[in-house]
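Engineer: Sharing run-v2.txt (compact mmCIF, C-alpha atoms and all ligand atoms) below.
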```txt
# COMPACT_ATOMS: atom_id res chain seq x y z
CA MET P 28 -44.48 5.96 -27.92
CA SER P 29 -47.69 7.49 -29.30
CA LEU P 30 -48.95 10.84 -28.02
CA TYR P 31 -51.99 9.11 -26.55
CA CYS P 32 -49.85 6.65 -24.68
CA GLY P 33 -47.59 9.46 -23.44
CA ILE P 34 -50.54 11.38 -21.98
CA ALA P 35 -52.11 8.26 -20.54
CA CYS P 36 -48.85 7.20 -18.90
CA ARG P 37 -48.22 10.64 -17.50
CA ARG P 38 -51.72 10.82 -16.08
CA LYS P 39 -51.39 7.38 -14.61
CA SER P 40 -48.04 8.21 -13.00
CA PHE P 41 -49.49 11.48 -11.62
CA TRP P 42 -52.35 9.67 -9.88
CA SER P 43 -50.38 6.71 -8.70
CA TYR P 44 -47.40 8.80 -7.54
CA ARG P 45 -49.29 9.90 -4.45
CA LEU P 46 -49.91 6.28 -3.54
CA LEU P 47 -46.33 5.12 -3.87
CA SER P 48 -44.39 4.29 -0.75
CA THR P 49 -41.16 6.08 0.19
CA TYR P 50 -39.24 2.97 -0.79
CA VAL P 51 -40.83 2.81 -4.25
CA THR P 52 -40.27 6.51 -5.02
CA LYS P 53 -36.66 6.16 -3.86
CA SER P 54 -36.12 3.11 -6.07
CA ARG P 55 -37.64 4.90 -9.07
CA TYR P 56 -35.53 7.98 -8.43
CA LEU P 57 -32.35 5.88 -8.41
CA PHE P 58 -33.52 4.12 -11.59
CA GLU P 59 -33.96 7.51 -13.26
CA LEU P 60 -30.45 8.62 -12.21
CA LYS P 61 -28.97 5.46 -13.71
CA GLU P 62 -30.82 5.91 -16.99
CA ASP P 63 -30.49 9.68 -17.44
CA ASP P 64 -27.01 11.27 -17.38
CA ASP P 65 -28.38 14.81 -17.13
CA ALA P 66 -30.58 13.94 -14.14
CA CYS P 67 -27.60 12.26 -12.49
CA LYS P 68 -25.34 15.25 -13.06
CA LYS P 69 -28.04 17.48 -11.58
CA ALA P 70 -28.29 15.18 -8.57
CA GLN P 71 -24.57 15.70 -7.94
CA GLN P 72 -25.26 19.41 -7.24
CA THR P 73 -27.20 18.54 -4.10
CA GLY P 74 -25.62 15.14 -3.50
CA ALA P 75 -23.06 13.83 -1.02
CA PHE P 76 -19.73 12.20 -1.86
CA TYR P 77 -17.87 9.43 -0.04
CA LEU P 78 -14.14 9.45 -0.72
CA PHE P 79 -11.74 6.56 -1.36
CA HIS P 80 -8.06 6.28 -2.12
CA SER P 81 -6.93 3.23 -4.10
CA LEU P 82 -10.16 1.47 -3.00
CA ALA P 83 -9.66 2.27 0.71
CA PRO P 84 -12.53 4.35 2.17
CA LEU P 85 -11.96 7.59 4.09
CA LEU P 86 -12.93 7.23 7.76
CA GLN P 87 -12.94 9.72 10.58
CA LYS P 88 -12.77 8.81 14.24
CA SER P 89 -15.12 10.52 16.65
CA GLU P 90 -15.02 9.43 20.29
CA HIS P 91 -14.70 5.62 20.11
CA GLN P 92 -16.46 5.26 16.76
CA TYR P 93 -15.44 5.47 13.15
CA GLN P 94 -17.68 7.08 10.57
CA ALA P 95 -17.57 7.63 6.83
CA PRO P 96 -17.75 11.40 6.18
CA GLN P 97 -19.81 12.89 3.36
CA HIS P 98 -18.71 15.88 1.28
CA SER P 99 -20.88 18.19 -0.79
CA LEU P 100 -20.03 18.96 -4.42
CA LEU P 101 -18.72 22.39 -3.43
CA GLU P 102 -16.46 20.92 -0.75
CA LEU P 103 -15.25 18.30 -3.17
CA GLU P 104 -14.38 20.87 -5.82
CA ARG P 105 -12.43 22.86 -3.24
CA LEU P 106 -10.60 19.73 -2.08
CA LEU P 107 -9.71 18.64 -5.61
CA ALA P 108 -8.25 22.07 -6.36
CA LYS P 109 -6.21 21.84 -3.16
CA PHE P 110 -5.02 18.31 -4.03
CA GLY P 111 -3.93 19.44 -7.50
CA GLN P 112 -6.57 17.32 -9.23
CA ASP P 113 -8.85 18.37 -12.08
CA THR P 114 -12.51 18.86 -11.07
CA GLN P 115 -13.31 16.89 -14.25
CA ARG P 116 -12.43 13.91 -12.05
CA ILE P 117 -15.87 14.19 -10.40
CA GLU P 118 -17.17 12.46 -13.55
CA ASP P 119 -15.38 9.32 -12.32
CA SER P 120 -17.71 9.12 -9.32
CA VAL P 121 -20.32 6.38 -9.06
CA LEU P 122 -23.85 6.50 -7.69
CA ILE P 123 -24.28 4.25 -4.64
CA GLY P 124 -27.68 5.18 -3.24
CA CYS P 125 -29.84 8.01 -1.93
CA SER P 126 -31.58 9.15 1.23
CA GLU P 127 -35.36 9.04 1.69
CA GLN P 128 -35.33 12.77 0.84
CA HIS P 129 -33.61 11.93 -2.48
CA GLU P 130 -30.19 13.26 -1.62
CA ALA P 131 -28.06 11.19 -4.00
CA TRP P 132 -24.89 9.53 -2.66
CA PHE P 133 -21.78 9.09 -4.76
CA ALA P 134 -18.33 7.57 -4.27
CA LEU P 135 -15.11 8.88 -5.77
CA ASP P 136 -11.63 7.37 -5.66
CA LEU P 137 -8.87 9.96 -5.43
CA GLY P 138 -6.07 7.46 -5.92
CA LEU P 139 -7.01 5.36 -8.94
CA ASN P 140 -5.83 6.40 -12.37
CA SER P 141 -8.52 8.14 -14.29
CA SER P 142 -9.17 9.88 -17.58
CA SER P 143 -8.16 13.17 -15.92
CA SER P 144 -4.49 13.34 -14.93
CA ILE P 145 -3.48 12.93 -11.29
CA ASN P 146 0.25 13.29 -11.86
CA ALA P 147 0.30 16.63 -10.09
CA SER P 148 -1.81 15.34 -7.22
CA LEU P 149 -0.86 15.49 -3.55
CA GLN P 150 0.17 12.20 -1.96
CA LYS P 151 -2.19 10.18 0.25
CA PRO P 152 -0.78 11.26 3.66
CA GLU P 153 -1.20 14.96 2.81
CA MET P 154 -4.75 14.30 1.63
CA GLU P 155 -5.49 12.50 4.91
CA THR P 156 -4.25 15.48 6.90
CA GLU P 157 -6.45 17.84 4.90
CA LEU P 158 -9.44 15.49 5.19
CA LYS P 159 -8.90 14.96 8.95
CA GLY P 160 -9.24 11.21 8.53
CA SER P 161 -7.53 8.14 7.16
CA PHE P 162 -8.03 5.85 4.20
CA MET P 163 -8.51 2.44 5.79
CA GLU P 164 -8.36 -0.91 4.03
CA LEU P 165 -11.97 -2.04 3.49
CA ARG P 166 -11.55 -5.39 5.32
CA LYS P 167 -10.62 -3.44 8.48
CA ALA P 168 -13.04 -0.57 7.86
CA LEU P 169 -16.13 -2.78 7.60
CA PHE P 170 -15.79 -3.99 11.16
CA GLN P 171 -15.49 -0.47 12.57
CA LEU P 172 -18.70 0.88 11.04
CA ASN P 173 -22.43 0.67 11.60
CA THR P 174 -24.36 -1.67 9.27
CA LYS P 175 -25.63 1.10 6.98
CA ASP P 176 -22.20 2.63 6.33
CA ALA P 177 -20.57 -0.81 6.03
CA SER P 178 -23.05 -1.84 3.36
CA LEU P 179 -22.79 1.49 1.51
CA LEU P 180 -18.99 1.44 1.47
CA SER P 181 -18.87 -2.17 0.39
CA THR P 182 -21.16 -1.36 -2.56
CA ALA P 183 -19.06 1.69 -3.38
CA GLN P 184 -15.77 -0.18 -3.27
CA ALA P 185 -17.11 -3.03 -5.39
CA LEU P 186 -18.35 -0.60 -8.03
CA LEU P 187 -15.15 1.47 -8.06
CA HIS P 188 -13.13 -1.74 -8.28
CA TRP P 189 -15.22 -2.99 -11.20
CA HIS P 190 -14.79 0.28 -13.14
CA ASP P 191 -11.06 0.24 -12.50
CA GLY P 192 -10.81 -3.24 -14.02
CA HIS P 193 -13.06 -2.59 -17.03
CA GLN P 194 -11.48 0.43 -18.66
CA PHE P 195 -11.16 -1.33 -22.03
CA CYS P 196 -13.49 -3.24 -24.33
CA SER P 197 -12.52 -6.94 -24.45
CA ARG P 198 -13.60 -7.11 -28.12
CA SER P 199 -12.13 -3.90 -29.65
CA GLY P 200 -9.44 -3.05 -27.11
CA GLN P 201 -10.72 0.55 -27.13
CA PRO P 202 -11.29 2.54 -23.90
CA THR P 203 -14.84 2.12 -22.58
CA LYS P 204 -16.87 5.07 -21.27
CA LYS P 205 -18.91 4.98 -18.09
CA ASN P 206 -22.37 6.50 -17.86
CA MET P 207 -22.77 9.30 -15.31
CA ALA P 208 -24.13 7.01 -12.54
CA GLY P 209 -21.51 4.32 -13.17
CA SER P 210 -24.14 1.62 -13.63
CA LYS P 211 -22.55 0.54 -16.94
CA ARG P 212 -19.70 1.16 -19.41
CA VAL P 213 -20.04 1.33 -23.17
CA CYS P 214 -17.49 0.79 -25.93
CA PRO P 215 -17.90 3.80 -28.26
CA SER P 216 -16.62 1.86 -31.29
CA ASN P 217 -18.97 -1.14 -31.23
CA LYS P 218 -21.58 -0.09 -28.62
CA ILE P 219 -21.05 -3.18 -26.45
CA ILE P 220 -22.43 -2.47 -22.99
CA TYR P 221 -20.64 -3.81 -19.90
CA TYR P 222 -22.54 -4.06 -16.61
CA PRO P 223 -20.98 -4.53 -13.16
CA GLN P 224 -20.84 -8.21 -12.28
CA MET P 225 -21.00 -10.37 -9.18
CA ALA P 226 -20.11 -14.06 -8.95
CA PRO P 227 -22.72 -16.24 -7.19
CA VAL P 228 -21.26 -18.18 -4.25
CA VAL P 229 -23.11 -20.75 -2.15
CA ILE P 230 -22.34 -20.92 1.55
CA THR P 231 -23.77 -23.92 3.37
CA LEU P 232 -23.98 -24.88 7.00
CA VAL P 233 -24.19 -28.66 7.01
CA SER P 234 -25.74 -30.39 10.00
CA ASP P 235 -26.19 -34.05 10.96
CA GLY P 236 -29.18 -33.22 13.14
CA THR P 237 -27.23 -32.50 16.34
CA ARG P 238 -23.84 -31.15 15.20
CA CYS P 239 -22.76 -28.75 12.48
CA LEU P 240 -19.82 -28.95 10.12
CA LEU P 241 -17.26 -26.15 10.15
CA ALA P 242 -14.08 -25.89 8.11
CA ARG P 243 -11.09 -23.66 7.58
CA GLN P 244 -8.81 -22.74 4.69
CA SER P 245 -5.12 -22.14 5.33
CA SER P 246 -5.65 -18.50 4.28
CA PHE P 247 -8.16 -17.88 7.13
CA PRO P 248 -6.97 -16.03 10.25
CA LYS P 249 -5.55 -18.47 12.79
CA GLY P 250 -8.23 -20.46 14.62
CA MET P 251 -11.17 -19.27 12.51
CA TYR P 252 -13.67 -21.84 11.22
CA SER P 253 -16.61 -21.13 8.92
CA ALA P 254 -19.36 -22.78 6.89
CA LEU P 255 -18.48 -24.36 3.50
CA ALA P 256 -18.39 -21.90 0.61
CA GLY P 257 -17.81 -22.17 -3.11
CA PHE P 258 -18.37 -20.43 -6.41
CA CYS P 259 -21.29 -21.67 -8.53
CA ASP P 260 -20.21 -23.30 -11.78
CA ILE P 261 -21.75 -22.04 -14.97
CA GLY P 262 -25.09 -23.71 -15.72
CA GLU P 263 -25.65 -24.87 -12.13
CA SER P 264 -28.72 -24.27 -9.99
CA LEU P 265 -28.29 -23.19 -6.38
CA GLU P 266 -29.22 -26.71 -5.20
CA GLU P 267 -26.68 -28.33 -7.54
CA ALA P 268 -23.94 -25.96 -6.44
CA VAL P 269 -24.56 -26.73 -2.73
CA ARG P 270 -24.57 -30.47 -3.38
CA ARG P 271 -21.36 -30.35 -5.47
CA GLU P 272 -19.41 -28.02 -3.14
CA VAL P 273 -20.18 -30.15 -0.06
CA ALA P 274 -19.22 -33.31 -1.95
CA GLU P 275 -16.02 -31.72 -3.31
CA GLU P 276 -14.82 -30.18 -0.08
CA VAL P 277 -15.74 -32.75 2.61
CA GLY P 278 -16.87 -35.86 0.69
CA LEU P 279 -20.44 -35.86 2.01
CA GLU P 280 -23.84 -35.89 0.31
CA VAL P 281 -26.52 -33.50 1.48
CA GLU P 282 -30.13 -34.48 1.21
CA ARG P 283 -32.15 -31.51 2.41
CA LEU P 284 -31.52 -27.82 2.24
CA GLN P 285 -33.14 -24.55 3.14
CA TYR P 286 -32.34 -21.11 1.82
CA SER P 287 -31.57 -18.67 4.61
CA ALA P 288 -30.42 -15.28 3.26
CA SER P 289 -28.00 -13.61 0.87
CA GLN P 290 -25.31 -10.96 1.11
CA HIS P 291 -23.10 -8.95 -1.20
CA TRP P 292 -19.47 -9.67 -0.33
CA PRO P 293 -16.82 -7.39 -1.86
CA PHE P 294 -13.73 -9.62 -1.27
CA PRO P 295 -11.68 -10.26 -3.34
CA ASN P 296 -14.13 -9.40 -6.16
CA SER P 297 -17.86 -8.93 -5.82
CA SER P 298 -19.72 -12.10 -4.88
CA LEU P 299 -23.37 -12.69 -4.13
CA MET P 300 -23.23 -15.01 -1.13
CA ILE P 301 -26.30 -17.28 -1.03
CA ALA P 302 -26.59 -18.89 2.38
CA CYS P 303 -28.29 -22.25 3.03
CA HIS P 304 -28.69 -24.87 5.71
CA ALA P 305 -28.36 -28.51 4.68
CA THR P 306 -28.37 -31.93 6.34
CA VAL P 307 -26.37 -35.03 5.48
CA LYS P 308 -27.93 -38.42 4.84
CA SER P 309 -28.56 -40.27 8.05
CA GLY P 310 -25.52 -42.18 9.29
CA GLN P 311 -23.23 -40.70 6.61
CA THR P 312 -21.10 -38.32 8.59
CA GLU P 313 -17.52 -39.41 7.90
CA ILE P 314 -15.63 -36.38 6.62
CA GLN P 315 -12.99 -36.72 3.91
CA VAL P 316 -11.31 -33.33 3.68
CA ASN P 317 -10.20 -32.17 0.23
CA LEU P 318 -6.81 -30.81 1.20
CA ARG P 319 -6.49 -28.84 -2.04
CA GLU P 320 -9.41 -26.70 -0.84
CA LEU P 321 -9.40 -26.90 2.95
CA GLU P 322 -6.91 -27.16 5.77
CA ALA P 323 -9.32 -28.84 8.21
CA ALA P 324 -13.00 -29.63 8.76
CA GLY P 325 -14.91 -31.17 11.64
CA TRP P 326 -18.22 -31.66 13.41
CA PHE P 327 -18.91 -29.26 16.28
CA SER P 328 -21.53 -29.72 19.00
CA HIS P 329 -24.31 -27.24 19.66
CA ASP P 330 -22.65 -26.22 22.96
CA GLU P 331 -19.24 -25.66 21.38
CA VAL P 332 -20.69 -23.45 18.64
CA ALA P 333 -22.97 -21.53 21.02
CA THR P 334 -19.94 -20.79 23.26
CA ALA P 335 -17.84 -19.65 20.28
CA LEU P 336 -20.65 -17.31 19.18
CA ARG P 337 -20.66 -15.65 22.60
CA ARG P 338 -16.95 -14.79 22.36
CA ASN P 339 -16.92 -11.27 21.06
CA ASN P 340 -13.21 -10.65 20.62
CA PRO P 341 -11.78 -13.37 18.39
CA TYR P 342 -8.25 -12.00 18.49
CA THR P 343 -7.80 -12.76 22.18
CA GLN P 344 -8.78 -16.38 21.52
CA GLN P 345 -5.93 -17.07 19.16
CA GLN P 346 -3.40 -17.57 21.91
CA ASN P 347 -5.15 -20.38 23.79
CA GLY P 348 -6.03 -22.44 20.74
CA THR P 349 -9.83 -22.16 20.93
CA PHE P 350 -11.63 -21.92 17.65
CA TRP P 351 -13.62 -18.82 16.72
CA LEU P 352 -16.21 -17.85 14.13
CA PRO P 353 -16.49 -15.17 11.40
CA PRO P 354 -17.51 -11.69 12.65
CA LYS P 355 -21.17 -10.61 12.90
CA LEU P 356 -21.11 -8.78 9.58
CA ALA P 357 -20.34 -11.95 7.59
CA ILE P 358 -23.30 -14.02 6.46
CA ALA P 359 -21.44 -17.10 7.73
CA HIS P 360 -21.93 -15.73 11.26
CA GLN P 361 -25.67 -15.20 10.67
CA LEU P 362 -26.03 -18.73 9.30
CA ILE P 363 -24.26 -20.27 12.30
CA LYS P 364 -26.27 -18.14 14.73
CA GLU P 365 -29.50 -19.23 13.05
CA TRP P 366 -28.52 -22.89 13.48
CA VAL P 367 -27.66 -22.39 17.15
CA GLU P 368 -31.08 -20.81 17.74
CA LYS P 369 -32.95 -23.38 15.64
CA PRO P 370 -30.86 -26.51 14.96
CA ASN P 371 -33.45 -28.18 12.70
CA CYS P 372 -33.45 -25.54 9.96
CA SER P 373 -33.11 -27.79 6.89
CA THR P 374 -36.37 -28.92 5.36
CA LEU P 375 -36.27 -29.01 1.53
CA PRO P 376 -34.90 -31.92 -0.53
CA ALA P 377 -31.50 -30.98 -2.08
N1 LIG Y 1 -19.32 -13.45 3.78
C1 LIG Y 1 -19.04 -14.61 4.31
O1 LIG Y 1 -19.56 -14.98 5.36
C2 LIG Y 1 -18.06 -15.56 3.61
C3 LIG Y 1 -17.57 -15.24 2.36
N2 LIG Y 1 -16.77 -16.14 1.68
C4 LIG Y 1 -16.34 -15.79 0.33
O2 LIG Y 1 -16.78 -16.79 -0.57
C5 LIG Y 1 -15.92 -16.87 -1.67
C6 LIG Y 1 -15.77 -18.30 -2.15
O3 LIG Y 1 -15.30 -19.14 -1.14
P1 LIG Y 1 -14.16 -20.22 -1.44
O4 LIG Y 1 -14.31 -21.30 -0.43
O5 LIG Y 1 -12.85 -19.53 -1.49
O6 LIG Y 1 -14.54 -20.73 -2.92
P2 LIG Y 1 -14.26 -22.14 -3.65
O7 LIG Y 1 -14.45 -23.26 -2.68
O8 LIG Y 1 -15.07 -22.15 -4.89
O9 LIG Y 1 -12.71 -22.14 -3.97
C7 LIG Y 1 -12.01 -20.98 -4.30
C8 LIG Y 1 -11.30 -21.21 -5.62
O10 LIG Y 1 -12.20 -21.02 -6.69
C9 LIG Y 1 -11.53 -20.36 -7.76
N3 LIG Y 1 -12.27 -19.12 -8.11
C10 LIG Y 1 -11.98 -17.85 -7.77
N4 LIG Y 1 -12.87 -16.99 -8.29
C11 LIG Y 1 -13.75 -17.74 -8.99
C12 LIG Y 1 -14.91 -17.43 -9.73
N5 LIG Y 1 -15.34 -16.16 -9.87
N6 LIG Y 1 -15.60 -18.45 -10.28
C13 LIG Y 1 -15.15 -19.72 -10.14
N7 LIG Y 1 -14.05 -20.08 -9.43
C14 LIG Y 1 -13.37 -19.10 -8.86
C15 LIG Y 1 -10.15 -20.04 -7.28
O11 LIG Y 1 -9.30 -21.05 -7.78
P3 LIG Y 1 -7.93 -20.68 -8.51
O12 LIG Y 1 -7.23 -19.71 -7.60
O13 LIG Y 1 -7.28 -22.01 -8.66
O14 LIG Y 1 -8.32 -20.07 -9.81
C16 LIG Y 1 -10.26 -20.15 -5.80
O15 LIG Y 1 -9.07 -20.55 -5.18
C17 LIG Y 1 -14.61 -16.21 -1.24
O16 LIG Y 1 -14.43 -15.08 -2.08
C18 LIG Y 1 -14.84 -15.77 0.18
O17 LIG Y 1 -14.33 -14.46 0.43
C19 LIG Y 1 -16.43 -17.35 2.22
C20 LIG Y 1 -16.87 -17.69 3.48
C21 LIG Y 1 -17.67 -16.80 4.29
MG MG Y 2 -14.58 -23.35 -0.64
```
Can I see the file as structure tokens?
Ligand SMILES: NC(=O)C1=CN([C@@H]2O[C@H](COP(=O)(O)OP(=O)(O)OC[C@H]3O[C@@H](n4cnc5c(N)ncnc54)[C@H](OP(=O)(O)O)[C@@H]3O)[C@@H](O)[C@H]2O)C=CC1
Ligand SMILES: [Mg+2]
Structural biologist:
Amino acid sequence: MSLYCGIACRRKSFWSYRLLSTYVTKSRYLFELKEDDDACKKAQQTGAFYLFHSLAPLLQKSEHQYQAPQHSLLELERLLAKFGQDTQRIEDSVLIGCSEQHEAWFALDLGLNSSSSINASLQKPEMETELKGSFMELRKALFQLNTKDASLLSTAQALLHWHDGHQFCSRSGQPTKKNMAGSKRVCPSNKIIYYPQMAPVVITLVSDGTRCLLARQSSFPKGMYSALAGFCDIGESLEEAVRREVAEEVGLEVERLQYSASQHWPFPNSSLMIACHATVKSGQTEIQVNLRELEAAGWFSHDEVATALRRNNPYTQQQNGTFWLPPKLAIAHQLIKEWVEKPNCSTLPA
């Protein structure tokens, strides 16, 4: 960059800075922390840490609610010393966001193997006693938390999981090194950069105009039905993936679709769920279930689905055989709710 450009850019950023919204300054701050290891390390001094053990987040119960506690760097250093872990381990933490006041948030897993030894570490139950909480499996934890914490912990777990599985370069076999924020890993021998990945998944609520199609896999909890989902194949567009998955799983052809929303889903590995509504060709509603993919599929009336949505405790429904729907947090629930409120959602040709 020339000196002139440097001055011009600095001046420009000075004037425009005052005009930037809170959201934009926050996004730029996080971008800086990902790009600059020193800035990220500095942000840890005033930051807050969420703790995990073997990918299970630490939760504390207050009254009838669970919450994810935050720890300052000082508290964390004290805890690590008490647990018999090296404070060097803080370098394993990953950046997961920041407050509007630019307090950076990090996540650290106390149970996963790391570059710093944990052989001398206390066991999980003793840590839980000291932390006055419990490490809860994420699938259970998500449904106990408010939306903000659920989203933050799901990002954190996905990132920690990715780092845990990408410790070595797939070309050289050498250990890879994470940057301070944890937004990438680099192989020191050949400089290959690895970025965290998500697999795109389409999830489609198919309708015939009056009914919607719900299906279940044998691995689902008993009685739960959901919209059709499937991983995108390489080279496919969103529209092609929807069309193929519906054809593969229930033997129907969709002719119109409408994008609804998307969601990061951490199970079993990070997916980007892309939710759509679609309609089948008129008169072509005979389902042929692909039993290698699904256990059952069927058409459900507007009334049946609206009633199922109103049931708020699915577990009590299992006994009497009624079907139930994915919990509110899942995008499948949002998609089904949208259809109940507005059954003619699908407008675009597939
Ligand atoms: N948030 C939500 O509301 C919902 C989320 N989902 C999520 O959507 C995802 C996909 O749904 P599902 O119906 O199971 O998918 P598919 O219909 O594509 O079938 C799953 C099969 O795809 C194979 N597979 C696994 N990972 C990948 C990958 N990264 N790329 C390509 N193929 C893969 C596996 O086959 P094999 O084992 O033979 O290798 C797996 O059994 C699931 O992870 C599920 O958790 C689903 C419904 C609702
Ligand atoms: Mg599927």
Engineer: Here's a test: counting all atoms listed in the file, identify every protein, DNA and RNA residue with an atom at most 12 Å from (-24.1, 5.0, -18.5) in the file's coordinate frame, and state them as a VMD selection string.
Structural biologist: chain P and resid 58 to 68 118 to 122 190 203 to 215 218 to 223
Engineer: Residues of the last selection are to be written out with C-alpha atoms, as a tab-separated table (two decimals), in the frame of the given file.
Structural biologist:
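Saved file selection.tsv follows:
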```
chain	number	residue	atom	x	y	z
P	58	PHE	CA	-33.52	4.12	-11.59
P	59	GLU	CA	-33.96	7.51	-13.26
P	60	LEU	CA	-30.45	8.62	-12.21
P	61	LYS	CA	-28.97	5.46	-13.71
P	62	GLU	CA	-30.82	5.91	-16.99
P	63	ASP	CA	-30.49	9.68	-17.44
P	64	ASP	CA	-27.01	11.27	-17.38
P	65	ASP	CA	-28.38	14.81	-17.13
P	66	ALA	CA	-30.58	13.94	-14.14
P	67	CYS	CA	-27.60	12.26	-12.49
P	68	LYS	CA	-25.34	15.25	-13.06
P	118	GLU	CA	-17.17	12.46	-13.55
P	119	ASP	CA	-15.38	9.32	-12.32
P	120	SER	CA	-17.71	9.12	-9.32
P	121	VAL	CA	-20.32	6.38	-9.06
P	122	LEU	CA	-23.85	6.50	-7.69
P	190	HIS	CA	-14.79	0.28	-13.14
P	203	THR	CA	-14.84	2.12	-22.58
P	204	LYS	CA	-16.87	5.07	-21.27
P	205	LYS	CA	-18.91	4.98	-18.09
P	206	ASN	CA	-22.37	6.50	-17.86
P	207	MET	CA	-22.77	9.30	-15.31
P	208	ALA	CA	-24.13	7.01	-12.54
P	209	GLY	CA	-21.51	4.32	-13.17
P	210	SER	CA	-24.14	1.62	-13.63
P	211	LYS	CA	-22.55	0.54	-16.94
P	212	ARG	CA	-19.70	1.16	-19.41
P	213	VAL	CA	-20.04	1.33	-23.17
P	214	CYS	CA	-17.49	0.79	-25.93
P	215	PRO	CA	-17.90	3.80	-28.26
P	218	LYS	CA	-21.58	-0.09	-28.62
P	219	ILE	CA	-21.05	-3.18	-26.45
P	220	ILE	CA	-22.43	-2.47	-22.99
P	221	TYR	CA	-20.64	-3.81	-19.90
P	222	TYR	CA	-22.54	-4.06	-16.61
P	223	PRO	CA	-20.98	-4.53	-13.16
```
Engineer: Using only C-alpha atoms and all ligand atoms, determine which residues fall within 7 Å of ligand MG 2 (chain Y), then list them as a list in words.
Structural biologist: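 Based on only C-alpha atoms and all ligand atoms, ligand MG 2 (chain Y) is surrounded within 7 Å by Leu255, Ala256, Gly257, Glu276 and Glu320 of chain P.
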Engineer: What residues have any atom no more than 8 Å from ligand LIG 1 (chain Y) when counting only C-alpha atoms and all ligand atoms, and can you list them as a PyMOL selection string?
Structural biologist: chain P and resi 226-230+244+253-260+272+276+290-298+300+320+353+356-360
Engineer: Looking at P:Gly250, P:Pro354, P:Pro96, P:Pro370, which one is nearest to Ser161 of chain P, with distances taken over all atoms listed in the file?
Structural biologist: P:Pro96
Engineer: To one decimal place in Å, what is the distance between atom CA of Thr349 of chain P and atom CA of Ala302 of chain P?
Structural biologist: 25.2 Å
Engineer: Give the answer as one residue: which of P:Gly236, P:Pro84, P:Gly262, P:Gly160 has the shortest atom-to-atom distance to Thr312 of chain P, using only C-alpha atoms?
Structural biologist: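 With only C-alpha atoms as the atom set, the closest residue is P:Gly236.
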Engineer: To one decimal place, how far is atom CA of Glu275 of chain P from atom CA of Met251 of chain P in Å?
Structural biologist: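 Atom CA of Met251 of chain P lies at a distance of 20.7 Å from atom CA of Glu275 of chain P.
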Engineer: Could you tell me how far atom CA of Trp326 of chain P lies from atom CA of Gln361 of chain P, in Å and to one decimal?
Structural biologist: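 Spanning atom CA of Trp326 of chain P to atom CA of Gln361 of chain P is a straight-line distance of 18.3 Å.
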Engineer: What lies within 12 Å of segment 124-133 of chain P using all atoms listed in the file, ignoring chain neighbours under 3 positions off, as JSON, numbers by chain?
Structural biologist: {"P": [48, 49, 50, 51, 52, 53, 54, 55, 56, 57, 58, 59, 60, 61, 66, 67, 68, 69, 70, 71, 72, 73, 74, 75, 76, 77, 78, 79, 96, 97, 98, 99, 100, 103, 117, 118, 119, 120, 121, 136, 175, 176, 178, 179, 180, 182, 183, 184, 186, 187, 207, 208, 209, 210]}
